[in-house]
$ cat coords-v5.pdb   # PDB, C-alpha atoms and all ligand atoms
ATOM      1  CA  MET A 424      38.949  11.869  25.288
ATOM      2  CA  GLN A 425      36.076   9.501  24.634
ATOM      3  CA  ARG A 426      33.169  10.769  22.634
ATOM      4  CA  ILE A 427      29.612   9.711  23.369
ATOM      5  CA  LEU A 428      28.083   8.030  20.339
ATOM      6  CA  GLN A 429      24.815   9.406  18.984
ATOM      7  CA  PRO A 430      21.897   6.952  18.429
ATOM      8  CA  GLY A 431      22.424   6.829  14.640
ATOM      9  CA  GLU A 432      26.107   5.998  15.112
ATOM     10  CA  ILE A 433      25.358   3.208  17.572
ATOM     11  CA  GLU A 434      23.016   1.580  15.056
ATOM     12  CA  ALA A 435      25.666   1.897  12.358
ATOM     13  CA  LEU A 436      28.125  -0.079  14.521
ATOM     14  CA  ASP A 437      25.644  -2.910  14.982
ATOM     15  CA  HIS A 438      25.832  -5.012  11.821
ATOM     16  CA  THR A 439      22.931  -7.181  12.939
ATOM     17  CA  SER A 440      20.591  -4.193  12.983
ATOM     18  CA  PHE A 441      17.942  -3.976  10.288
ATOM     19  CA  PRO A 442      15.937  -1.000   9.015
ATOM     20  CA  ARG A 443      12.829  -0.272  11.105
ATOM     21  CA  VAL A 444      11.355   1.736   8.242
ATOM     22  CA  ARG A 445      11.862   1.318   4.503
ATOM     23  CA  LEU A 446      10.904   4.542   2.757
ATOM     24  CA  PRO A 447       9.594   4.238  -0.806
ATOM     25  CA  GLN A 448      11.854   4.707  -3.825
ATOM     26  CA  PRO A 449       9.351   5.813  -6.473
ATOM     27  CA  GLY A 450      12.013   5.532  -9.215
ATOM     28  CA  SER A 451      11.889   1.741  -9.021
ATOM     29  CA  LEU A 452       8.751   1.041  -6.979
ATOM     30  CA  PHE A 453       6.164   1.591  -9.721
ATOM     31  CA  ALA A 454       8.285   0.001 -12.469
ATOM     32  CA  ASP A 455       8.781  -3.158 -10.387
ATOM     33  CA  ARG A 456       5.100  -3.250  -9.474
ATOM     34  CA  ALA A 457       3.946  -2.889 -13.089
ATOM     35  CA  ALA A 458       6.320  -5.654 -14.209
ATOM     36  CA  ARG A 459       5.081  -7.949 -11.441
ATOM     37  CA  LEU A 460       1.428  -7.286 -12.336
ATOM     38  CA  ARG A 461       2.101  -8.188 -15.977
ATOM     39  CA  GLN A 462       3.869 -11.361 -14.880
ATOM     40  CA  LEU A 463       1.042 -12.371 -12.523
ATOM     41  CA  ALA A 464      -1.590 -11.698 -15.218
ATOM     42  CA  GLN A 465      -0.451 -14.783 -17.146
ATOM     43  CA  GLY A 466      -3.012 -17.522 -16.604
ATOM     44  CA  ASN A 467      -4.771 -15.523 -13.871
ATOM     45  CA  ALA A 468      -8.574 -15.574 -13.550
ATOM     46  CA  ILE A 469      -8.551 -11.751 -13.458
ATOM     47  CA  ALA A 470      -5.852 -11.339 -16.124
ATOM     48  CA  ASP A 471      -7.597  -8.429 -17.866
ATOM     49  CA  TYR A 472      -7.894  -6.477 -14.642
ATOM     50  CA  LEU A 473      -4.254  -7.122 -13.748
ATOM     51  CA  ARG A 474      -3.150  -5.909 -17.191
ATOM     52  CA  PHE A 475      -5.172  -2.733 -16.708
ATOM     53  CA  ALA A 476      -3.630  -2.312 -13.222
ATOM     54  CA  ALA A 477      -0.174  -2.740 -14.803
ATOM     55  CA  GLN A 478      -0.991   0.038 -17.278
ATOM     56  CA  LEU A 479      -2.148   2.291 -14.457
ATOM     57  CA  VAL A 480       0.997   1.601 -12.406
ATOM     58  CA  GLN A 481       3.153   2.193 -15.491
ATOM     59  CA  ALA A 482       1.445   5.592 -15.802
ATOM     60  CA  GLN A 483       2.231   6.190 -12.112
ATOM     61  CA  GLN A 484       5.896   5.544 -12.827
ATOM     62  CA  ARG A 485       5.859   8.204 -15.532
ATOM     63  CA  ALA A 486       4.060  10.693 -13.275
ATOM     64  CA  ALA A 487       6.415   9.986 -10.361
ATOM     65  CA  ALA A 488       9.393  11.130 -12.424
ATOM     66  CA  THR A 489       8.080  14.686 -12.768
ATOM     67  CA  VAL A 490       5.801  15.281  -9.747
ATOM     68  CA  HIS A 491       6.529  18.289  -7.533
ATOM     69  CA  THR A 492       5.144  17.943  -4.025
ATOM     70  CA  VAL A 493       5.459  20.206  -1.025
ATOM     71  CA  ALA A 494       8.103  19.244   1.557
ATOM     72  CA  LEU A 495       6.780  18.374   4.999
ATOM     73  CA  PRO A 496       6.972  21.563   7.136
ATOM     74  CA  ALA A 497       9.585  21.299   9.903
ATOM     75  CA  ASP A 498       7.109  22.262  12.640
ATOM     76  CA  GLN A 499       4.672  19.526  11.562
ATOM     77  CA  LEU A 500       7.535  17.006  11.629
ATOM     78  CA  ALA A 501       8.602  18.093  15.112
ATOM     79  CA  ARG A 502       5.032  18.031  16.438
ATOM     80  CA  ALA A 503       4.374  14.523  15.107
ATOM     81  CA  GLN A 504       7.632  13.242  16.565
ATOM     82  CA  ALA A 505       6.936  14.835  19.965
ATOM     83  CA  HIS A 506       3.526  13.144  20.176
ATOM     84  CA  SER A 507       4.440   9.832  18.471
ATOM     85  CA  MET A 508       1.888  10.607  15.774
ATOM     86  CA  PRO A 509       2.048   9.778  12.043
ATOM     87  CA  LEU A 510       3.881  12.537  10.172
ATOM     88  CA  MET A 511       1.201  13.409   7.607
ATOM     89  CA  PRO A 512      -2.218  11.806   8.228
ATOM     90  CA  ALA A 513      -3.377  11.163   4.668
ATOM     91  CA  ALA A 514      -6.842  12.757   4.557
ATOM     92  CA  ASN A 515      -5.472  16.012   6.045
ATOM     93  CA  SER A 516      -2.263  16.034   4.041
ATOM     94  CA  ILE A 517      -3.348  15.821   0.415
ATOM     95  CA  ASP A 518      -0.747  17.506  -1.741
ATOM     96  CA  PRO A 519      -2.158  20.028  -4.254
ATOM     97  CA  ALA A 520      -0.111  18.312  -6.987
ATOM     98  CA  TRP A 521      -2.375  15.267  -6.899
ATOM     99  CA  GLN A 522      -4.901  16.641  -9.402
ATOM    100  CA  ALA A 523      -2.242  17.339 -12.022
ATOM    101  CA  VAL A 524      -0.948  13.807 -11.422
ATOM    102  CA  LEU A 525      -4.455  12.413 -11.962
ATOM    103  CA  GLU A 526      -4.774  14.326 -15.226
ATOM    104  CA  GLY A 527      -1.379  13.001 -16.311
ATOM    105  CA  LEU A 528      -2.402   9.418 -15.485
ATOM    106  CA  LEU A 529      -5.604   9.745 -17.512
ATOM    107  CA  ASP A 530      -3.713  11.292 -20.453
ATOM    108  CA  THR A 531      -1.141   8.489 -20.415
ATOM    109  CA  LEU A 532      -3.847   5.810 -20.269
ATOM    110  CA  GLU A 533      -5.848   7.353 -23.119
ATOM    111  CA  GLN A 534      -2.767   7.844 -25.275
ATOM    112  CA  SER A 535      -1.776   4.209 -24.816
ATOM    113  CA  GLY A 536      -4.619   3.238 -27.153
ATOM    114  CA  SER A 537      -5.033  -0.103 -25.400
ATOM    115  CA  LEU A 538      -7.389   0.918 -22.641
ATOM    116  CA  PRO A 539     -10.415  -1.387 -22.190
ATOM    117  CA  ALA A 540     -13.477   0.294 -23.795
ATOM    118  CA  THR A 541     -15.474  -0.122 -20.580
ATOM    119  CA  LEU A 542     -13.161   2.385 -18.870
ATOM    120  CA  ALA A 543     -13.829   5.303 -21.231
ATOM    121  CA  PRO A 544     -17.024   6.344 -19.357
ATOM    122  CA  VAL A 545     -15.161   6.120 -16.013
ATOM    123  CA  ILE A 546     -12.417   8.417 -17.276
ATOM    124  CA  ALA A 547     -15.048  10.799 -18.694
ATOM    125  CA  ARG A 548     -16.705  10.962 -15.274
ATOM    126  CA  LEU A 549     -13.385  11.802 -13.617
ATOM    127  CA  ARG A 550     -12.663  14.516 -16.171
ATOM    128  CA  ALA A 551     -16.120  16.035 -15.605
ATOM    129  CA  ARG A 552     -15.517  16.593 -11.885
ATOM    130  CA  THR A 553     -14.579  20.044 -10.658
ATOM    131  CA  PRO A 554     -11.323  20.396  -8.675
ATOM    132  CA  ALA A 555     -13.363  20.883  -5.480
ATOM    133  CA  ALA A 556     -15.400  17.728  -6.160
ATOM    134  CA  LEU A 557     -12.205  15.779  -6.843
ATOM    135  CA  ASP A 558     -10.674  16.968  -3.565
ATOM    136  CA  ALA A 559     -13.842  15.892  -1.728
ATOM    137  CA  LEU A 560     -13.686  12.493  -3.434
ATOM    138  CA  ALA A 561     -10.014  12.084  -2.451
ATOM    139  CA  VAL A 562     -10.922  12.669   1.196
ATOM    140  CA  GLN A 563     -13.713  10.067   0.918
ATOM    141  CA  VAL A 564     -11.399   7.534  -0.719
ATOM    142  CA  LEU A 565      -8.735   7.987   1.962
ATOM    143  CA  GLY A 566     -11.363   7.767   4.707
ATOM    144  CA  ASP A 567     -12.818   4.561   3.205
ATOM    145  CA  THR A 568     -16.229   6.236   2.790
ATOM    146  CA  THR A 569     -16.500   6.168  -1.007
ATOM    147  CA  THR A 570     -20.116   5.758  -2.124
ATOM    148  CA  THR A 571     -20.978   2.689  -4.180
ATOM    149  CA  ALA A 572     -21.643   4.936  -7.190
ATOM    150  CA  ASP A 573     -18.077   6.258  -7.089
ATOM    151  CA  LEU A 574     -16.256   2.973  -6.419
ATOM    152  CA  ALA A 575     -15.157   2.594 -10.045
ATOM    153  CA  LEU A 576     -13.307   5.937  -9.744
ATOM    154  CA  GLN A 577     -11.389   4.826  -6.656
ATOM    155  CA  PRO A 578      -8.374   3.064  -8.256
ATOM    156  CA  PHE A 579      -7.604   6.189 -10.341
ATOM    157  CA  ILE A 580      -7.903   8.498  -7.328
ATOM    158  CA  MET A 581      -5.710   6.214  -5.212
ATOM    159  CA  ALA A 582      -3.148   5.873  -7.998
ATOM    160  CA  ALA A 583      -2.756   9.665  -8.190
ATOM    161  CA  LEU A 584      -2.618  10.046  -4.408
ATOM    162  CA  GLN A 585      -0.018   7.268  -4.140
ATOM    163  CA  VAL A 586       2.296   9.133  -6.508
ATOM    164  CA  THR A 587       2.190  12.301  -4.385
ATOM    165  CA  PHE A 588       2.379  10.548  -1.008
ATOM    166  CA  ALA A 589       5.204   8.245  -2.116
ATOM    167  CA  ASP A 590       7.104  11.275  -3.410
ATOM    168  CA  ARG A 591       6.738  13.117  -0.104
ATOM    169  CA  ALA A 592       7.618   9.995   1.910
ATOM    170  CA  SER A 593      10.686   9.323  -0.253
ATOM    171  CA  ARG A 594      12.154  12.671   0.766
ATOM    172  CA  LEU A 595      12.001  11.892   4.508
ATOM    173  CA  GLY A 596      14.860  10.379   6.449
ATOM    174  CA  ALA A 597      14.187   7.035   8.169
ATOM    175  CA  ALA A 598      15.188   8.626  11.479
ATOM    176  CA  ASP A 599      12.443  11.263  10.986
ATOM    177  CA  VAL A 600       9.734   8.603  11.183
ATOM    178  CA  PRO A 601       8.304   8.264  14.715
ATOM    179  CA  PHE A 602       7.191   5.097  16.490
ATOM    180  CA  VAL A 603       3.390   5.349  16.499
ATOM    181  CA  ASP A 604       0.614   3.706  18.457
ATOM    182  CA  PRO A 605      -1.082   1.598  17.227
ATOM    183  CA  ALA A 606       1.875   0.145  15.345
ATOM    184  CA  THR A 607      -0.526  -1.266  12.750
ATOM    185  CA  ILE A 608      -1.014   2.077  10.966
ATOM    186  CA  CYS A 609       1.551   3.716   8.716
ATOM    187  CA  PRO A 610       3.898   5.918  10.760
ATOM    188  CA  VAL A 611       4.139   8.320   7.811
ATOM    189  CA  CYS A 612       0.529   8.756   6.598
ATOM    190  CA  ALA A 613      -1.657   6.855   9.124
ATOM    191  CA  SER A 614      -3.136   4.603   6.411
ATOM    192  CA  GLN A 615      -3.615   0.879   6.770
ATOM    193  CA  PRO A 616      -1.185  -1.599   5.218
ATOM    194  CA  VAL A 617      -2.372  -3.315   2.047
ATOM    195  CA  ALA A 618      -0.389  -6.466   2.916
ATOM    196  CA  SER A 619       2.761  -7.485   4.714
ATOM    197  CA  VAL A 620       5.928  -8.705   3.067
ATOM    198  CA  LEU A 621       8.748 -10.964   4.180
ATOM    199  CA  ARG A 622      11.803  -9.351   2.601
ATOM    200  CA  ILE A 623      15.007 -10.888   1.246
ATOM    201  CA  GLY A 624      18.291  -9.174   0.440
ATOM    202  CA  GLY A 625      20.318  -6.684   2.453
ATOM    203  CA  GLN A 626      19.745  -5.953   6.095
ATOM    204  CA  ALA A 627      15.958  -6.268   5.787
ATOM    205  CA  ALA A 628      16.337  -9.977   4.898
ATOM    206  CA  GLY A 629      14.196 -12.316   6.951
ATOM    207  CA  HIS A 630      12.160  -9.478   8.446
ATOM    208  CA  ARG A 631       8.457  -8.838   8.022
ATOM    209  CA  TYR A 632       7.277  -5.375   6.979
ATOM    210  CA  LEU A 633       3.802  -3.897   6.666
ATOM    211  CA  HIS A 634       3.391  -2.116   3.316
ATOM    212  CA  CYS A 635       1.351   1.105   3.311
ATOM    213  CA  GLY A 636      -1.434   1.180   0.729
ATOM    214  CA  THR A 637      -1.182   4.953   0.325
ATOM    215  CA  CYS A 638       2.419   6.228   0.660
ATOM    216  CA  CYS A 639       4.125   2.843   0.058
ATOM    217  CA  THR A 640       6.320   3.153   3.176
ATOM    218  CA  GLU A 641       7.144  -0.158   4.890
ATOM    219  CA  TRP A 642       7.553  -0.548   8.622
ATOM    220  CA  HIS A 643       8.757  -3.530  10.601
ATOM    221  CA  MET A 644       6.485  -5.749  12.653
ATOM    222  CA  VAL A 645       7.530  -9.042  14.223
ATOM    223  CA  ARG A 646       5.851 -12.017  12.592
ATOM    224  CA  VAL A 647       4.271 -13.336  15.783
ATOM    225  CA  LYS A 648       1.996 -10.294  15.961
ATOM    226  CA  CYS A 649      -1.313  -9.811  14.179
ATOM    227  CA  SER A 650      -0.823  -6.949  11.696
ATOM    228  CA  HIS A 651      -4.277  -5.610  12.573
ATOM    229  CA  CYS A 652      -4.645  -5.848  16.386
ATOM    230  CA  GLU A 653      -1.090  -6.772  17.486
ATOM    231  CA  SER A 654      -2.293  -9.907  19.285
ATOM    232  CA  THR A 655       0.366 -12.598  19.642
ATOM    233  CA  GLN A 656      -2.233 -15.318  20.214
ATOM    234  CA  GLY A 657      -4.119 -17.308  17.621
ATOM    235  CA  ILE A 658      -2.191 -16.357  14.471
ATOM    236  CA  HIS A 659      -2.582 -18.911  11.662
ATOM    237  CA  TYR A 660      -1.937 -19.066   7.931
ATOM    238  CA  GLN A 661      -4.191 -20.194   5.112
ATOM    239  CA  GLY A 662      -3.407 -20.644   1.434
ATOM    240  CA  VAL A 663      -5.079 -21.932  -1.695
ATOM    241  CA  GLU A 664      -4.864 -25.721  -1.625
ATOM    242  CA  GLY A 665      -2.208 -26.884  -4.072
ATOM    243  CA  GLY A 666      -1.339 -23.244  -4.831
ATOM    244  CA  SER A 667       1.919 -21.405  -4.252
ATOM    245  CA  GLU A 668       2.986 -20.420  -0.769
ATOM    246  CA  THR A 669       4.156 -17.003  -1.943
ATOM    247  CA  VAL A 670       0.926 -15.439  -0.694
ATOM    248  CA  LEU A 671      -0.772 -16.700   2.455
ATOM    249  CA  ALA A 672      -3.629 -15.216   4.446
ATOM    250  CA  GLU A 673      -2.512 -14.526   7.998
ATOM    251  CA  THR A 674      -5.575 -14.940  10.212
ATOM    252  CA  CYS A 675      -6.109 -13.758  13.768
ATOM    253  CA  ASP A 676      -8.457 -15.451  16.237
ATOM    254  CA  GLU A 677      -8.544 -12.285  18.369
ATOM    255  CA  CYS A 678      -9.840  -9.711  15.850
ATOM    256  CA  HIS A 679     -11.194 -12.211  13.276
ATOM    257  CA  THR A 680      -9.495 -10.539  10.338
ATOM    258  CA  TYR A 681      -6.955 -11.663   7.811
ATOM    259  CA  ARG A 682      -4.252  -9.851   5.868
ATOM    260  CA  LYS A 683      -1.967 -11.412   3.301
ATOM    261  CA  LEU A 684       1.687 -12.142   3.885
ATOM    262  CA  VAL A 685       3.716 -11.952   0.672
ATOM    263  CA  ASN A 686       6.878 -14.030   0.971
ATOM    264  CA  GLN A 687       9.947 -13.091  -1.082
ATOM    265  CA  GLU A 688      11.728 -16.194   0.229
ATOM    266  CA  LYS A 689       9.283 -18.199  -1.921
ATOM    267  CA  ASP A 690       9.482 -15.817  -4.905
ATOM    268  CA  PRO A 691      12.114 -13.058  -4.985
ATOM    269  CA  LEU A 692      10.011 -10.945  -7.385
ATOM    270  CA  ALA A 693       6.977 -10.901  -5.070
ATOM    271  CA  GLU A 694       5.628  -7.381  -4.513
ATOM    272  CA  PRO A 695       3.105  -6.699  -1.733
ATOM    273  CA  LEU A 696       0.436  -4.706  -3.589
ATOM    274  CA  ALA A 697       0.691  -6.630  -6.867
ATOM    275  CA  ASP A 698       0.695 -10.069  -5.265
ATOM    276  CA  ASP A 699      -2.198  -9.113  -3.020
ATOM    277  CA  LEU A 700      -4.251  -7.952  -6.026
ATOM    278  CA  ALA A 701      -3.417 -11.020  -8.102
ATOM    279  CA  SER A 702      -4.437 -13.469  -5.354
ATOM    280  CA  LEU A 703      -8.124 -12.552  -5.404
ATOM    281  CA  THR A 704      -8.933 -16.288  -5.432
ATOM    282  CA  LEU A 705      -7.595 -16.465  -1.885
ATOM    283  CA  ASP A 706      -9.931 -13.608  -0.874
ATOM    284  CA  LEU A 707     -12.872 -15.482  -2.371
ATOM    285  CA  LEU A 708     -11.939 -18.576  -0.343
ATOM    286  CA  MET A 709     -11.526 -16.463   2.806
ATOM    287  CA  GLY A 710     -15.034 -15.118   2.170
ATOM    288  CA  ASP A 711     -16.327 -18.523   3.309
ATOM    289  CA  THR A 712     -14.471 -18.328   6.633
ATOM    290  CA  ALA A 713     -15.106 -16.329   9.802
ATOM    291  CA  PHE A 714     -12.283 -13.914   8.921
ATOM    292  CA  ALA A 715     -12.937 -10.540   7.289
ATOM    293  CA  ARG A 716     -10.355  -8.796   5.150
ATOM    294  CA  ALA A 717      -8.576  -6.243   7.375
ATOM    295  CA  SER A 718      -8.090  -3.540   4.710
ATOM    296  CA  ALA A 719      -8.707  -3.095   1.005
ATOM    297  CA  ASN A 720      -6.334  -3.104  -1.949
ATOM    298  CA  PRO A 721      -6.168   0.503  -3.190
ATOM    299  CA  LEU A 722      -6.213  -0.505  -6.849
ATOM    300  CA  LEU A 723      -9.173  -2.866  -6.590
ATOM    301  CA  ALA A 724     -12.533  -1.277  -7.353
ATOM    302  CA  LEU A 725     -14.532  -3.427  -4.982
ATOM    303  CA  GLY A 726     -16.146  -2.096  -1.853
ATOM    304  CA  ARG A 727     -17.051  -4.451   0.932
ATOM    305  CA  GLU A 728     -20.580  -4.994  -0.395
ATOM    306  CA  LEU A 729     -19.428  -5.698  -3.930
ATOM    307  CA  ALA A 730     -16.746  -8.064  -2.593
ATOM    308  CA  ASP A 731     -19.468  -9.915  -0.699
ATOM    309  CA  ASP A 732     -21.534 -10.204  -3.874
ATOM    310  CA  ALA A 733     -18.531 -11.561  -5.761
ATOM    311  CA  THR A 734     -17.993 -14.117  -3.011
ATOM    312  CA  HIS A 735     -21.581 -15.347  -3.180
ATOM    313  CA  ASP A 736     -21.471 -15.585  -6.958
ATOM    314  CA  ALA A 737     -18.237 -17.593  -6.925
TER     315      ALA A 737
HETATM  316 ZN    ZN A 801       1.700   5.530   4.505
HETATM  317 ZN    ZN A 802      -5.794  -9.492  15.237
END

$ encode --input "coords-v5.pdb" --output "structure tokens"
Amino acid sequence: MQRILQPGEIEALDHTSFPRVRLPQPGSLFADRAARLRQLAQGNAIADYLRFAAQLVQAQQRAAATVHTVALPADQLARAQAHSMPLMPAANSIDPAWQAVLEGLLDTLEQSGSLPATLAPVIARLRARTPAALDALAVQVLGDTTTTADLALQPFIMAALQVTFADRASRLGAADVPFVDPATICPVCASQPVASVLRIGGQAAGHRYLHCGTCCTEWHMVRVKCSHCESTQGIHYQGVEGGSETVLAETCDECHTYRKLVNQEKDPLAEPLADDLASLTLDLLMGDTAFARASANPLLALGRELADDATHDA
């Protein structure tokens, strides 16, 4: 008697199929990112910042090895799938473990002994906050409503949140992740992508993925679409003249934004968040165009206003 194949089995038979979702693997994610940041720091105009970011990501790697987050409740999973909604919208799904992770990150950074002196007051400010104030700040950071006075705290808050969200996302199955609308937000945590990445190797090779700035999940989007408004018209690419083509700004004439495309075919070690951060020169050039940056880099302590100032000073 013939048996009817289930959807997962049908996909397994199709060797041309590629993963729609790539869930994060925190065990290697943060180590690879830290190594890439250190590599990109060489000869970079913001080398000191990239080296600090590498230290912070290295601390994330250490925290990720021991973090204990709460599993996504089955009813929440079922509800999100039934309504094609993201599984754990970030601002409403902050895991209680995040504050212990933050403390661990700060301890690791201080113990390293090589932290830039200018950061000591920032760390002191974080340590002075009550747990309730930290939770409130986390909600602001995730909602992109951080006040200018707190912007310097943002990379630390995001780093701690990333560890908890990546841990929770890593324990999902790819088949658990719903198709969501709009397809430009993370199907796991509803955050915006930090950049998109053209992957090499394995079944993902040659496909473009959007990389979540919060939970580090990647989801597929065809290259002809704008990663911000899904328009298929008026997509163009801009790079730094004479620079590498590993990172290009993908611009959209419909929504007048740009987001970077990080191309592993040009450099196999390219990593979406690290390469986006290290190509700040491209952002400064884009500041003179009609295109606004679609979403921020979670580890960069620049709000929109400060970014504008930097552009004018450049
Ligand atoms: Zn996400
Ligand atoms: Zn667009």

$ atom_distance --input "coords-v5.pdb" --atom1 "atom CA of A:Gly636" --atom2 "atom CA of A:Arg550"
24.3 Å

$ residues_around --input "coords-v5.pdb" --residues "stretch 616-619 of chain A" --least-positions-apart "2" --cutoff "10 Å" --atoms "all atoms listed in the file" --output "ChimeraX atom specification"
/A:607-609,613-614,621-622,631-644,646,650-651,670,672-673,681-686,694-700,717-721

$ resolve_selection --input "coords-v5.pdb" --expression "the PyMOL selection byres (((not hetatm)) within 8 of (chain A and resi 802))" --output "PDB file with C-alpha atoms, in the frame of the given file"
ATOM      1  CA  LYS A 648       1.996 -10.294  15.961  1.00  0.00           C
ATOM      2  CA  CYS A 649      -1.313  -9.811  14.179  1.00  0.00           C
ATOM      3  CA  SER A 650      -0.823  -6.949  11.696  1.00  0.00           C
ATOM      4  CA  HIS A 651      -4.277  -5.610  12.573  1.00  0.00           C
ATOM      5  CA  CYS A 652      -4.645  -5.848  16.386  1.00  0.00           C
ATOM      6  CA  GLU A 653      -1.090  -6.772  17.486  1.00  0.00           C
ATOM      7  CA  SER A 654      -2.293  -9.907  19.285  1.00  0.00           C
ATOM      8  CA  ILE A 658      -2.191 -16.357  14.471  1.00  0.00           C
ATOM      9  CA  THR A 674      -5.575 -14.940  10.212  1.00  0.00           C
ATOM     10  CA  CYS A 675      -6.109 -13.758  13.768  1.00  0.00           C
ATOM     11  CA  ASP A 676      -8.457 -15.451  16.237  1.00  0.00           C
ATOM     12  CA  GLU A 677      -8.544 -12.285  18.369  1.00  0.00           C
ATOM     13  CA  CYS A 678      -9.840  -9.711  15.850  1.00  0.00           C
ATOM     14  CA  HIS A 679     -11.194 -12.211  13.276  1.00  0.00           C
ATOM     15  CA  THR A 680      -9.495 -10.539  10.338  1.00  0.00           C
ATOM     16  CA  TYR A 681      -6.955 -11.663   7.811  1.00  0.00           C
TER      17      TYR A 681
END

$ closest_residue --input "coords-v5.pdb" --among "A:Arg716, A:Arg445, A:Arg459, A:His506" --to "ligand ZN 801 (chain A)" --atoms "all atoms listed in the file"
A:Arg445

$ resolve_selection --input "coords-v5.pdb" --expression "the PyMOL selection byres (((chain A and resi 603) around 12) and not hetatm)" --output "PyMOL selection string"
chain A and resi 503-510+512+600-602+604-613+642-643

$ closest_residue --input "coords-v5.pdb" --among "A:Val480, A:Leu446, A:Ile580, A:Ala540" --to "A:Ser593" --atoms "all atoms listed in the file"
A:Leu446

$ decode --input "coords-v5.pdb" --residues "stretch 466-471 of chain A" --atoms "all heavy atoms" --output "PDB file, in the first residue's frame"
ATOM      1  N   GLY A 466      43.523  47.957   9.998  1.00  0.00           N
ATOM      2  CA  GLY A 466      43.529  49.027   8.999  1.00  0.00           C
ATOM      3  C   GLY A 466      42.197  49.750   8.860  1.00  0.00           C
ATOM      4  O   GLY A 466      42.021  50.556   7.947  1.00  0.00           O
ATOM      5  N   ASN A 467      41.245  49.459   9.754  1.00  0.00           N
ATOM      6  CA  ASN A 467      39.921  50.083   9.650  1.00  0.00           C
ATOM      7  C   ASN A 467      39.910  51.432  10.378  1.00  0.00           C
ATOM      8  O   ASN A 467      40.556  51.596  11.411  1.00  0.00           O
ATOM      9  CB  ASN A 467      38.876  49.139  10.267  1.00  0.00           C
ATOM     10  CG  ASN A 467      37.462  49.490   9.838  1.00  0.00           C
ATOM     11  OD1 ASN A 467      36.970  50.567  10.113  1.00  0.00           O
ATOM     12  ND2 ASN A 467      36.817  48.568   9.150  1.00  0.00           N
ATOM     13  N   ALA A 468      39.148  52.385   9.823  1.00  0.00           N
ATOM     14  CA  ALA A 468      39.057  53.718  10.432  1.00  0.00           C
ATOM     15  C   ALA A 468      38.477  53.649  11.849  1.00  0.00           C
ATOM     16  O   ALA A 468      38.762  54.507  12.680  1.00  0.00           O
ATOM     17  CB  ALA A 468      38.209  54.633   9.553  1.00  0.00           C
ATOM     18  N   ILE A 469      37.643  52.648  12.127  1.00  0.00           N
ATOM     19  CA  ILE A 469      37.082  52.523  13.480  1.00  0.00           C
ATOM     20  C   ILE A 469      37.632  51.258  14.171  1.00  0.00           C
ATOM     21  O   ILE A 469      36.908  50.536  14.845  1.00  0.00           O
ATOM     22  CB  ILE A 469      35.533  52.524  13.475  1.00  0.00           C
ATOM     23  CG1 ILE A 469      34.963  51.436  12.538  1.00  0.00           C
ATOM     24  CG2 ILE A 469      34.991  53.880  13.098  1.00  0.00           C
ATOM     25  CD1 ILE A 469      33.487  51.100  12.817  1.00  0.00           C
ATOM     26  N   ALA A 470      38.942  51.054  13.988  1.00  0.00           N
ATOM     27  CA  ALA A 470      39.586  49.832  14.505  1.00  0.00           C
ATOM     28  C   ALA A 470      39.351  49.647  16.002  1.00  0.00           C
ATOM     29  O   ALA A 470      39.059  48.538  16.455  1.00  0.00           O
ATOM     30  CB  ALA A 470      41.080  49.881  14.206  1.00  0.00           C
ATOM     31  N   ASP A 471      39.479  50.730  16.781  1.00  0.00           N
ATOM     32  CA  ASP A 471      39.340  50.604  18.233  1.00  0.00           C
ATOM     33  C   ASP A 471      37.934  50.134  18.597  1.00  0.00           C
ATOM     34  O   ASP A 471      37.766  49.293  19.479  1.00  0.00           O
ATOM     35  CB  ASP A 471      39.639  51.943  18.933  1.00  0.00           C
ATOM     36  CG  ASP A 471      41.115  52.273  18.876  1.00  0.00           C
ATOM     37  OD1 ASP A 471      41.912  51.358  18.556  1.00  0.00           O
ATOM     38  OD2 ASP A 471      41.476  53.442  19.131  1.00  0.00           O
TER      39      ASP A 471
END
